[in-house]
Amino acid sequence: MAWRDYLPTWGKPETMDEMRARLESDYDEYMRALIQPQYRQGEMRKGITGTEQQPTPGQLVTDGYSGVQAIAARAIANRVSDLTFRVQERMRVEDGTTKWEDNDEHTLLEPLFSPNQLLSMRQLLKLTSYWLTQSGEAYWLTVTNGARKVVELWPMSPRNVEKIAGTDSPVEAFIFHGEAGETRYDLEEVIWISDPDPADPFQGVGVVGPQAREFDAGTFAADTVRQHFKYDAVPKTYLQAGAEAQAPDAETRKLFNADWRNRYSKRGGTDIGLPSFIPTGFTLGEITGSSNIDEIRGYQEYQRDLLLMANGVPRSILGDVVDANRAAADTNRLVFDRHTVSPQAGLICDALTHQLAMPQFGRDTRVRFEDFVSADDDLRLREEAQDLALKVRSINQVLEDRGGDPVDWGEKPVGSFADTPYDGEEKDPPPNPFAGFDSGGDGDDEPDDGAEETIDDAEGESESEDAARAFSIGRVSSRIAANFEPDRSWSRMLLADSEHIPKMVQALRRTFAGQKALTLDALAKHPEQIRAALEGEYSRADFVDELFGNEDFRRLFDVLVTPIRESVFTSSANNVLLGLEHKPVLPFDAAAILTMREEGANLVTMVNEKTKRDLRKTLADAIAAGDSQEEQASRVRKVFNTASRSRARTIARTEVGHAISSGQLAGYAEASDVVIGLQWNTARDERVRDTHLMDGVQVRPLGALFTLLDGEKAEVPRVAEGGGRLSAHNGINCRCFETPIT
């Protein structure tokens with residue numbers, strides 16, 4: 001079949017004028033083909049590299065924010081925006097040292113949590129992280145009220161901010177270039193967050209600047225691929241002439257092309273998906289035209305990895321799972337938080353501390369983020385497996401570490417019978433630990449000469465009962481005894497403290513906040529009565545009792561604090577029974593609840609007396625100084641804020657310790673068939689008070705009393721005779737503990 005037979009219509013033969021016009025057109029197309037393609041010149045090949053230390057902030061924030069760099073910067077910004085601010089104050093503790101404690105009611109938290117009416121804290125942090133990653137600098141404008149208190153925070157793009165050098169300072173002010181013109185701001189009006197450039201400490205350096213060449217190379221490669229497909233004129237198919245092919249004239253070829261486009265165009269072809277008819281003597285071939293693109297693709301992956309490494313962003317953080325191993329993913333997340341997000345978060349917090357917190361509230365105030373770097377779970381699991389294999393920890397201890405409940409078999413060793421060979425010989429009963437000691441009534445710890453090897457408890461027992469008890473002692477499992485070795489008991493006590501003390505601190509702070517609200521309300525209602533009392537008989541008129549009643553505070557305490565003390569008591573008792581291989585069925589009956597609430601009432605009275613003393617002095621000073629009612633209220637708030645910060649943790653440690661010791665004592669009493677006595681142990685460091693220096697020295701039968709070195713009697717550490725609290729100098733912050741003799 002010839003070309004003319006294939007086409008539906010035919011044109012007339014070409015004239016000389018038509019041929020001349022066609023040749024001129026073909027020549028123009030030929031010359032245009034020799035011109036350098038548009039995509040090989042212009043802005044795409046310019047890049048952001050220059051002679052400066054790094055490109056301008058405008059280039060970094062706009063031009064530099066694209067491709068792989070945009071993906072990495074967004075991942076960092078998303079993580080930073082998830083962080084939560086904390087305002088901390090430096091507090092002095094009893095031993096003379098200082099520590100930082102969170103203040104959840106600090107006024108600085110208001111602008112940090114709600115920067116302004118348009119942007120949230122997350123949005124502000126996200127912008128700040130973008131700018132730090134790109135240019136190494138970020139700026140916040142502070143807006144203050146009449147009292148110079150910061151009430152709003154506004155972001156300022158680094159591409160619009162210019163630093164002004166002064167004669168006495170490398171940076172004296174800032175100029176903001178906006179649509180309304182230039183605005184000058186003093187240093188104290190702007191929070192300047194900077195990742196300093198080693199070549200110029202007063203200029204920031206981000207990720208893109210030092211990696212400008214790599215960024216440009218990756219951008220050029222991506223644009224080359226884009227432009228290749230944008231201006232690609234190579235057809236996807238071609239017709240190859242065979243021996244029988246007849247070359248078509250120009251008109252025939254034009255008609256054939258038009259017909260082919262109508263049939264197979266992607267946008268409206270009539271024969272899409274159907275086989276094509278090829279003229280006689282021709283074969284249809286396909287042009288791939290992508291071999292050079294495949295080479296560029298490998299280079300793109302290389303540049304991608306360089307930029308991700310420069311940003312410190314593992315590929316798994318972006319959803320590109322290179323290794324399906326869960327441990328590898330956890331490690332990448334740990335590395336990302338610790339080595340990428342944490343340094344940037346530190347720059348933000350330091351800037352806020354030195355430029356916002358300290359100028360307003362002094363050097364004892366700082367801004368930090370809530371801890372966000374997770375533990376090394378892989379290392380923890382490997383340590384856990386090793387401890388179990390070496391029998392350093394039991395199953396129940398592992399369950400406690402994970403926050404789970406203990407199991408009946410959890411104290412049994414992980415191993416086989418071969419780990420502890422049995423030689424078939426009967427073992428002699430262990431020596432009586434109370435031989436030669438009295439019942440503890442007079443505090444005499446010296447052995448009596450010629451004392452018999454019998455247990456001298458408070459009630460007294462017959463020789464046959466002593467023998468039965470000694471036999472029972474000999475049959476107690478060594479596993480049970482190992483559960484209550486001092487080192488292991490100390491570890492359990494630390495774990496219990498770490499679990500319960502934060503809850504107790506939070507409950508006490510809420511209680512103090514409620515008491516503060518009640519007091520301020522009463523203060524607003526009775527200003528004249530207070531002034532009259534102070535101006536009259538101050539020493540005899542307990543006007544503070546009119547501000548808040550014990551019943552209101554006791555009700556708050558009972559609702560918020562007592563349930564925690566009950567939970568600590570019950571869990572401590574049951575943990576003791578589990579360690580002794582007893583079923584944990586210790587009843588927490590109404591009598592026990594009543595006793596605990598009575599102890600809570602006593603604590604309320606003690607706390608209130610201290611608060612009342614502080615309030616009396618504070619209000620007297622306020623009225624003597626002629627303070628207004630609002631200024632008096634401010635002094636009252638300071639009294640309660642101090643109590644909330646400093647006293648809450650001290651009270652929490654003491655109360656949790658008392659509940660733990662009381663619960664353990666109840667558990668020992670329930671298992672009196674196994675536990676025959678108790679031993680006093682200390683934390684074994686230089687902080688142990690002199691009256692408690694009797695680690696492992698005093699051993700008493702169950703039910704007898706310990707005698708502290710100042711003569712005070714104790715059932716166990718922190719618990720006085722009769723179940724109450726020890727005196728303040730023996731009970732507050734006591735870290736001693738008891739271990740059972742089985």
# chains A, B, ... in the order shown; residues from 1 in each chain; ligands from 1

call {"tool": "residues_around", "arguments": {"residues": "region 328-337 of chain A", "least_positions_apart": "5", "cutoff": "7 Å", "atoms": "only C-alpha atoms", "output": "list in words"}}
result
Gly312, Val313, Pro314, Ser316, Ile317, Asp323, Ser342, Val373, Ser374 and Asp376 of chain A

call {"tool": "write_last_selection", "arguments": {"atoms": "N, CA and C atoms", "output": "short mmCIF file (atom, residue, chain, number, x, y, z; two decimals), in the first residue's frame"}}
result
data_model
loop_
_atom_site.label_atom_id
_atom_site.label_comp_id
_atom_site.auth_asym_id
_atom_site.auth_seq_id
_atom_site.Cartn_x
_atom_site.Cartn_y
_atom_site.Cartn_z
N GLY A 312 20.80 16.67 59.77
CA GLY A 312 20.66 15.75 60.89
C GLY A 312 19.31 15.06 60.93
N VAL A 313 18.74 14.77 59.77
CA VAL A 313 17.41 14.15 59.70
C VAL A 313 17.55 12.75 59.10
N PRO A 314 17.39 11.67 59.89
CA PRO A 314 17.42 10.33 59.32
C PRO A 314 16.24 10.12 58.36
N SER A 316 14.33 7.62 57.99
CA SER A 316 13.16 6.98 58.59
C SER A 316 12.24 8.00 59.24
N ILE A 317 12.78 9.15 59.69
CA ILE A 317 11.94 10.21 60.26
C ILE A 317 10.99 10.76 59.21
N ASP A 323 15.41 0.48 56.95
CA ASP A 323 15.56 -0.77 57.69
C ASP A 323 14.28 -1.00 58.46
N SER A 342 17.33 18.73 69.93
CA SER A 342 17.74 19.25 71.23
C SER A 342 18.66 20.47 71.13
N VAL A 373 13.52 14.00 74.93
CA VAL A 373 14.43 12.98 74.39
C VAL A 373 14.12 11.66 75.08
N SER A 374 13.66 10.68 74.32
CA SER A 374 13.28 9.39 74.89
C SER A 374 14.51 8.61 75.32
N ASP A 376 17.03 5.37 75.64
CA ASP A 376 17.55 4.40 74.67
C ASP A 376 16.91 3.05 74.96
#

call {"tool": "select_by_dssp", "arguments": {"residues": "region 232-264 of chain A", "states": "helix (DSSP H, G or I)", "output": "list of chain:residue names"}}
result
A:Ala250, A:Glu251, A:Thr252, A:Arg253, A:Lys254, A:Leu255, A:Phe256, A:Asn257, A:Ala258, A:Asp259, A:Trp260, A:Arg261, A:Asn262, A:Arg263, A:Tyr264

call {"tool": "write_last_selection", "arguments": {"atoms": "N, CA and C atoms", "output": "mmCIF file, in the first residue's frame"}}
result
data_model
loop_
_atom_site.group_PDB
_atom_site.id
_atom_site.type_symbol
_atom_site.label_atom_id
_atom_site.label_comp_id
_atom_site.auth_asym_id
_atom_site.auth_seq_id
_atom_site.Cartn_x
_atom_site.Cartn_y
_atom_site.Cartn_z
ATOM 1 N N ALA A 250 5.866 16.169 1.106
ATOM 2 C CA ALA A 250 5.583 16.988 2.289
ATOM 3 C C ALA A 250 4.105 17.015 2.619
ATOM 4 N N GLU A 251 3.268 17.155 1.605
ATOM 5 C CA GLU A 251 1.838 17.231 1.860
ATOM 6 C C GLU A 251 1.303 15.926 2.414
ATOM 7 N N THR A 252 1.779 14.825 1.865
ATOM 8 C CA THR A 252 1.331 13.515 2.344
ATOM 9 C C THR A 252 1.765 13.302 3.796
ATOM 10 N N ARG A 253 2.968 13.701 4.127
ATOM 11 C CA ARG A 253 3.460 13.545 5.506
ATOM 12 C C ARG A 253 2.657 14.409 6.469
ATOM 13 N N LYS A 254 2.308 15.633 6.007
ATOM 14 C CA LYS A 254 1.525 16.522 6.864
ATOM 15 C C LYS A 254 0.153 15.931 7.150
ATOM 16 N N LEU A 255 -0.474 15.387 6.159
ATOM 17 C CA LEU A 255 -1.778 14.776 6.360
ATOM 18 C C LEU A 255 -1.688 13.538 7.261
ATOM 19 N N PHE A 256 -0.631 12.778 7.074
ATOM 20 C CA PHE A 256 -0.451 11.581 7.908
ATOM 21 C C PHE A 256 -0.272 11.959 9.393
ATOM 22 N N ASN A 257 0.520 12.996 9.638
ATOM 23 C CA ASN A 257 0.735 13.434 11.023
ATOM 24 C C ASN A 257 -0.562 13.918 11.661
ATOM 25 N N ALA A 258 -1.351 14.678 10.884
ATOM 26 C CA ALA A 258 -2.614 15.176 11.421
ATOM 27 C C ALA A 258 -3.552 14.020 11.746
ATOM 28 N N ASP A 259 -3.598 13.052 10.847
ATOM 29 C CA ASP A 259 -4.467 11.905 11.093
ATOM 30 C C ASP A 259 -3.997 11.100 12.312
ATOM 31 N N TRP A 260 -2.684 10.944 12.466
ATOM 32 C CA TRP A 260 -2.134 10.198 13.622
ATOM 33 C C TRP A 260 -2.457 10.921 14.942
ATOM 34 N N ARG A 261 -2.349 12.258 14.894
ATOM 35 C CA ARG A 261 -2.635 13.022 16.116
ATOM 36 C C ARG A 261 -4.105 12.897 16.480
ATOM 37 N N ASN A 262 -4.964 12.925 15.518
ATOM 38 C CA ASN A 262 -6.398 12.796 15.809
ATOM 39 C C ASN A 262 -6.748 11.428 16.375
ATOM 40 N N ARG A 263 -6.033 10.423 15.921
ATOM 41 C CA ARG A 263 -6.336 9.065 16.371
ATOM 42 C C ARG A 263 -5.739 8.758 17.753
ATOM 43 N N TYR A 264 -4.511 9.198 18.017
ATOM 44 C CA TYR A 264 -3.776 8.706 19.196
ATOM 45 C C TYR A 264 -3.367 9.813 20.175
#

call {"tool": "atom_distance", "arguments": {"atom1": "CA of Thr142 (chain A)", "atom2": "CA of Leu108 (chain A)"}}
result
12.3 Å

call {"tool": "residues_around", "arguments": {"residues": "region 265-281 of chain A", "least_positions_apart": "3", "cutoff": "6 Å", "atoms": "only C-alpha atoms", "output": "tab-separated table (two decimals) with N, CA and C atoms, in the first residue's frame"}}
result
chain	number	residue	atom	x	y	z
A	1	MET	N	0.86	-1.20	0.00
A	1	MET	CA	0.00	0.00	0.00
A	1	MET	C	0.89	1.24	0.00
A	241	ALA	N	12.06	3.04	7.67
A	241	ALA	CA	11.77	2.61	6.30
A	241	ALA	C	12.47	1.31	5.97
A	242	GLY	N	11.73	0.43	5.31
A	242	GLY	CA	12.30	-0.82	4.84
A	242	GLY	C	12.61	-0.76	3.36
A	244	GLU	N	10.84	-1.83	0.83
A	244	GLU	CA	9.69	-1.54	-0.02
A	244	GLU	C	9.07	-0.18	0.29
A	245	ALA	N	9.66	0.59	1.17
A	245	ALA	CA	9.06	1.85	1.57
A	245	ALA	C	9.16	2.89	0.47
A	261	ARG	N	-2.35	12.26	14.89
A	261	ARG	CA	-2.63	13.02	16.12
A	261	ARG	C	-4.10	12.90	16.48
A	262	ASN	N	-4.96	12.93	15.52
A	262	ASN	CA	-6.40	12.80	15.81
A	262	ASN	C	-6.75	11.43	16.37

call {"tool": "atom_distance", "arguments": {"atom1": "CA of Thr570 (chain A)", "atom2": "CA of Ala704 (chain A)"}}
result
22.6 Å

call {"tool": "closest_residue", "arguments": {"among": "A:Ala73, A:Asp685, A:Asp216, A:Arg647", "to": "Val505 (chain A)", "atoms": "only C-alpha atoms"}}
result
A:Arg647

call {"tool": "closest_residue", "arguments": {"among": "A:Val568, A:Leu560, A:Ala138, A:Ala212", "to": "Ile348 (chain A)", "atoms": "only C-alpha atoms"}}
result
A:Ala138

call {"tool": "closest_residue", "arguments": {"among": "A:Val674, A:Leu112, A:Leu347, A:Ala482", "to": "Phe85 (chain A)", "atoms": "only C-alpha atoms"}}
result
A:Leu112

call {"tool": "residues_around", "arguments": {"residues": "region 119-134 of chain A", "least_positions_apart": "2", "cutoff": "10 Å", "atoms": "only C-alpha atoms", "output": "PyMOL selection string"}}
result
chain A and resi 57+59-62+64-65+69-70+72-85+111-117+136-140+153-159+193-195+204-209+311+341+344-345+347-348

call {"tool": "write_last_selection", "arguments": {"atoms": "C-alpha atoms", "output": "PDB file, in the first residue's frame"}}
result
ATOM      1  CA  PRO A  57      18.676  35.721  54.735  1.00  0.00           C
ATOM      2  CA  GLN A  59      17.841  33.920  49.685  1.00  0.00           C
ATOM      3  CA  LEU A  60      17.990  31.358  52.451  1.00  0.00           C
ATOM      4  CA  VAL A  61      14.380  31.815  53.564  1.00  0.00           C
ATOM      5  CA  THR A  62      12.888  31.877  50.053  1.00  0.00           C
ATOM      6  CA  GLY A  64      16.916  28.052  49.668  1.00  0.00           C
ATOM      7  CA  TYR A  65      13.655  26.572  50.896  1.00  0.00           C
ATOM      8  CA  GLN A  69      16.009  20.975  52.115  1.00  0.00           C
ATOM      9  CA  ALA A  70      12.338  21.877  52.513  1.00  0.00           C
ATOM     10  CA  ALA A  72      14.271  18.226  56.161  1.00  0.00           C
ATOM     11  CA  ALA A  73      13.485  21.689  57.560  1.00  0.00           C
ATOM     12  CA  ARG A  74       9.811  20.817  57.833  1.00  0.00           C
ATOM     13  CA  ALA A  75      10.595  17.607  59.749  1.00  0.00           C
ATOM     14  CA  ILE A  76      12.697  19.537  62.284  1.00  0.00           C
ATOM     15  CA  ALA A  77      10.087  22.300  62.588  1.00  0.00           C
ATOM     16  CA  ASN A  78       7.267  19.796  63.124  1.00  0.00           C
ATOM     17  CA  ARG A  79       9.191  18.169  65.972  1.00  0.00           C
ATOM     18  CA  VAL A  80      10.123  21.478  67.604  1.00  0.00           C
ATOM     19  CA  SER A  81       6.500  22.666  67.407  1.00  0.00           C
ATOM     20  CA  ASP A  82       5.462  19.637  69.508  1.00  0.00           C
ATOM     21  CA  LEU A  83       7.608  20.751  72.467  1.00  0.00           C
ATOM     22  CA  THR A  84       6.134  22.373  75.575  1.00  0.00           C
ATOM     23  CA  PHE A  85       7.634  25.306  77.464  1.00  0.00           C
ATOM     24  CA  PRO A 111       2.724  34.885  76.444  1.00  0.00           C
ATOM     25  CA  LEU A 112       4.631  31.661  75.726  1.00  0.00           C
ATOM     26  CA  PHE A 113       1.456  29.563  75.529  1.00  0.00           C
ATOM     27  CA  SER A 114      -0.562  32.268  73.707  1.00  0.00           C
ATOM     28  CA  PRO A 115       1.911  34.566  71.882  1.00  0.00           C
ATOM     29  CA  ASN A 116      -0.709  36.787  70.203  1.00  0.00           C
ATOM     30  CA  GLN A 117      -4.254  36.791  68.884  1.00  0.00           C
ATOM     31  CA  GLY A 136      20.594  30.427  61.570  1.00  0.00           C
ATOM     32  CA  GLU A 137      18.618  33.409  62.933  1.00  0.00           C
ATOM     33  CA  ALA A 138      15.095  34.111  64.182  1.00  0.00           C
ATOM     34  CA  TYR A 139      13.559  37.217  65.748  1.00  0.00           C
ATOM     35  CA  TRP A 140      10.577  37.768  68.067  1.00  0.00           C
ATOM     36  CA  LEU A 153       5.219  37.902  71.047  1.00  0.00           C
ATOM     37  CA  TRP A 154       5.331  38.410  67.253  1.00  0.00           C
ATOM     38  CA  PRO A 155       7.629  36.660  64.750  1.00  0.00           C
ATOM     39  CA  MET A 156       9.829  38.747  62.428  1.00  0.00           C
ATOM     40  CA  SER A 157      11.277  37.102  59.334  1.00  0.00           C
ATOM     41  CA  PRO A 158      15.099  37.366  59.234  1.00  0.00           C
ATOM     42  CA  ARG A 159      14.927  38.527  55.604  1.00  0.00           C
ATOM     43  CA  ILE A 193      17.726  33.693  68.547  1.00  0.00           C
ATOM     44  CA  SER A 194      20.941  32.832  66.743  1.00  0.00           C
ATOM     45  CA  ASP A 195      23.095  29.852  65.819  1.00  0.00           C
ATOM     46  CA  GLY A 204      23.779  33.381  62.333  1.00  0.00           C
ATOM     47  CA  VAL A 205      24.625  30.418  60.172  1.00  0.00           C
ATOM     48  CA  GLY A 206      22.019  27.869  59.155  1.00  0.00           C
ATOM     49  CA  VAL A 207      22.259  24.597  57.305  1.00  0.00           C
ATOM     50  CA  VAL A 208      21.883  25.926  53.768  1.00  0.00           C
ATOM     51  CA  GLY A 209      24.723  28.461  53.876  1.00  0.00           C
ATOM     52  CA  ASN A 311      20.317  18.750  58.574  1.00  0.00           C
ATOM     53  CA  VAL A 341      16.173  18.861  67.784  1.00  0.00           C
ATOM     54  CA  GLN A 344      18.006  23.894  68.338  1.00  0.00           C
ATOM     55  CA  ALA A 345      15.611  23.747  71.298  1.00  0.00           C
ATOM     56  CA  LEU A 347      19.210  27.857  71.450  1.00  0.00           C
ATOM     57  CA  ILE A 348      15.561  28.916  71.720  1.00  0.00           C
TER      58      ILE A 348
END

call {"tool": "residues_around", "arguments": {"residues": "Phe484 (chain A)", "least_positions_apart": "6", "cutoff": "9 Å", "atoms": "only C-alpha atoms", "output": "PDB file with N, CA and C atoms, in the first residue's frame"}}
result
ATOM      1  N   GLY A 579       6.516 -10.260  97.734  1.00  0.00           N
ATOM      2  CA  GLY A 579       7.906 -10.655  97.939  1.00  0.00           C
ATOM      3  C   GLY A 579       8.047 -11.802  98.908  1.00  0.00           C
ATOM      4  N   LEU A 580       7.116 -11.899  99.866  1.00  0.00           N
ATOM      5  CA  LEU A 580       7.131 -12.995 100.844  1.00  0.00           C
ATOM      6  C   LEU A 580       6.359 -14.205 100.348  1.00  0.00           C
ATOM      7  N   THR A 739      14.267  -3.731 106.575  1.00  0.00           N
ATOM      8  CA  THR A 739      14.220  -5.001 105.861  1.00  0.00           C
ATOM      9  C   THR A 739      13.804  -6.094 106.832  1.00  0.00           C
ATOM     10  N   PRO A 740      13.030  -7.068 106.358  1.00  0.00           N
ATOM     11  CA  PRO A 740      12.538  -8.103 107.266  1.00  0.00           C
ATOM     12  C   PRO A 740      13.573  -9.197 107.510  1.00  0.00           C
ATOM     13  N   ILE A 741      13.503  -9.780 108.707  1.00  0.00           N
ATOM     14  CA  ILE A 741      14.259 -10.986 109.028  1.00  0.00           C
ATOM     15  C   ILE A 741      13.296 -12.149 108.898  1.00  0.00           C
TER      16      ILE A 741
END

call {"tool": "closest_residue", "arguments": {"among": "A:Glu485, A:Glu89, A:Asp305, A:Asp232", "to": "Gly218 (chain A)", "atoms": "only C-alpha atoms"}}
result
A:Asp305

call {"tool": "closest_residue", "arguments": {"among": "A:Ala728, A:Leu318, A:Val688, A:Val697", "to": "Thr654 (chain A)", "atoms": "only C-alpha atoms"}}
result
A:Ala728

call {"tool": "atom_distance", "arguments": {"atom1": "CA of Ile296 (chain A)", "atom2": "CA of Val225 (chain A)"}}
result
7.9 Å

call {"tool": "residues_around", "arguments": {"residues": "Gly663 (chain A)", "least_positions_apart": "3", "cutoff": "12 Å", "atoms": "only C-alpha atoms", "output": "short mmCIF file (atom, residue, chain, number, x, y, z; two decimals) with N, CA and C atoms, in the first residue's frame"}}
result
data_model
loop_
_atom_site.label_atom_id
_atom_site.label_comp_id
_atom_site.auth_asym_id
_atom_site.auth_seq_id
_atom_site.Cartn_x
_atom_site.Cartn_y
_atom_site.Cartn_z
N ARG A 565 -2.24 8.82 99.28
CA ARG A 565 -1.64 8.18 100.45
C ARG A 565 -2.21 6.77 100.63
N GLU A 566 -3.53 6.62 100.39
CA GLU A 566 -4.15 5.30 100.49
C GLU A 566 -3.57 4.34 99.44
N SER A 567 -3.38 4.85 98.22
CA SER A 567 -2.82 4.01 97.15
C SER A 567 -1.40 3.58 97.48
N VAL A 568 -0.58 4.51 98.00
CA VAL A 568 0.80 4.17 98.36
C VAL A 568 0.81 3.13 99.48
N PHE A 569 -0.03 3.31 100.48
CA PHE A 569 -0.11 2.36 101.59
C PHE A 569 -0.47 0.96 101.09
N THR A 570 -1.51 0.87 100.28
CA THR A 570 -1.98 -0.44 99.80
C THR A 570 -0.94 -1.12 98.91
N SER A 571 -0.38 -0.38 97.95
CA SER A 571 0.60 -1.00 97.04
C SER A 571 1.85 -1.44 97.80
N SER A 572 2.28 -0.67 98.80
CA SER A 572 3.47 -1.05 99.57
C SER A 572 3.21 -2.33 100.36
N ALA A 573 2.03 -2.41 100.99
CA ALA A 573 1.70 -3.62 101.75
C ALA A 573 1.63 -4.84 100.83
N ASN A 574 0.98 -4.70 99.70
CA ASN A 574 0.83 -5.83 98.78
C ASN A 574 2.16 -6.23 98.15
N ASN A 575 3.03 -5.27 97.89
CA ASN A 575 4.35 -5.62 97.35
C ASN A 575 5.16 -6.43 98.35
N VAL A 576 5.04 -6.10 99.63
CA VAL A 576 5.72 -6.88 100.66
C VAL A 576 5.19 -8.31 100.67
N LEU A 577 3.88 -8.46 100.60
CA LEU A 577 3.29 -9.80 100.63
C LEU A 577 3.70 -10.60 99.39
N LEU A 586 -4.35 -8.02 101.44
CA LEU A 586 -4.41 -7.19 102.63
C LEU A 586 -5.64 -6.29 102.56
N PRO A 587 -6.55 -6.39 103.49
CA PRO A 587 -7.76 -5.56 103.44
C PRO A 587 -7.45 -4.13 103.89
N PHE A 588 -7.90 -3.17 103.11
CA PHE A 588 -7.78 -1.77 103.51
C PHE A 588 -9.14 -1.36 104.02
N ALA A 592 -8.63 1.44 108.81
CA ALA A 592 -7.38 1.94 108.24
C ALA A 592 -7.60 3.28 107.53
N MET A 596 -5.89 6.89 108.48
CA MET A 596 -5.13 7.68 107.51
C MET A 596 -5.72 9.08 107.40
N VAL A 656 4.91 10.46 101.40
CA VAL A 656 5.03 9.21 100.64
C VAL A 656 5.87 8.20 101.41
N GLY A 657 6.98 8.67 102.00
CA GLY A 657 7.82 7.77 102.80
C GLY A 657 7.08 7.19 103.98
N HIS A 658 6.27 8.01 104.66
CA HIS A 658 5.50 7.53 105.81
C HIS A 658 4.48 6.50 105.36
N ALA A 659 3.79 6.73 104.24
CA ALA A 659 2.80 5.78 103.74
C ALA A 659 3.46 4.47 103.30
N ILE A 660 4.64 4.56 102.68
CA ILE A 660 5.35 3.34 102.27
C ILE A 660 5.73 2.51 103.50
N ALA A 666 2.36 -3.03 107.78
CA ALA A 666 1.12 -3.81 107.77
C ALA A 666 1.31 -5.12 107.03
N GLY A 667 2.07 -5.10 105.94
CA GLY A 667 2.34 -6.34 105.21
C GLY A 667 3.14 -7.33 106.02
N TYR A 668 4.16 -6.83 106.77
CA TYR A 668 4.95 -7.73 107.62
C TYR A 668 4.07 -8.36 108.71
N ALA A 669 3.16 -7.56 109.28
CA ALA A 669 2.28 -8.10 110.32
C ALA A 669 1.36 -9.17 109.76
N GLU A 670 0.91 -9.00 108.51
CA GLU A 670 0.04 -10.00 107.88
C GLU A 670 0.81 -11.30 107.63
N VAL A 716 9.15 1.80 112.65
CA VAL A 716 10.01 1.67 111.46
C VAL A 716 10.40 3.09 111.08
N PRO A 717 11.31 3.29 110.12
CA PRO A 717 11.66 4.65 109.71
C PRO A 717 10.42 5.48 109.37
N ARG A 718 10.38 6.71 109.88
CA ARG A 718 9.34 7.71 109.66
C ARG A 718 8.05 7.44 110.43
N VAL A 719 7.91 6.26 111.06
CA VAL A 719 6.68 5.91 111.78
C VAL A 719 7.00 5.86 113.27
N GLY A 723 2.05 4.48 115.38
CA GLY A 723 1.70 4.68 113.97
C GLY A 723 1.74 6.09 113.48
N GLU A 738 13.50 -0.23 106.28
CA GLU A 738 13.63 -1.46 107.07
C GLU A 738 13.63 -2.66 106.14
#

call {"tool": "decode", "arguments": {"residues": "region 491-503 of chain A", "atoms": "C-alpha atoms", "output": "PDB file, in the first residue's frame"}}
result
ATOM      1  CA  SER A 491      16.164   0.000  94.795  1.00  0.00           C
ATOM      2  CA  ARG A 492      12.484  -0.751  95.303  1.00  0.00           C
ATOM      3  CA  MET A 493      12.150   2.244  97.603  1.00  0.00           C
ATOM      4  CA  LEU A 494      13.711   4.550  94.988  1.00  0.00           C
ATOM      5  CA  LEU A 495      11.334   3.201  92.344  1.00  0.00           C
ATOM      6  CA  ALA A 496       8.339   3.754  94.608  1.00  0.00           C
ATOM      7  CA  ASP A 497       9.500   7.313  95.322  1.00  0.00           C
ATOM      8  CA  SER A 498       9.883   8.083  91.620  1.00  0.00           C
ATOM      9  CA  GLU A 499       6.365   6.776  90.964  1.00  0.00           C
ATOM     10  CA  HIS A 500       4.437   8.374  93.832  1.00  0.00           C
ATOM     11  CA  ILE A 501       6.261  11.600  94.773  1.00  0.00           C
ATOM     12  CA  PRO A 502       5.481  13.472  91.494  1.00  0.00           C
ATOM     13  CA  LYS A 503       1.785  12.609  91.908  1.00  0.00           C
TER      14      LYS A 503
END
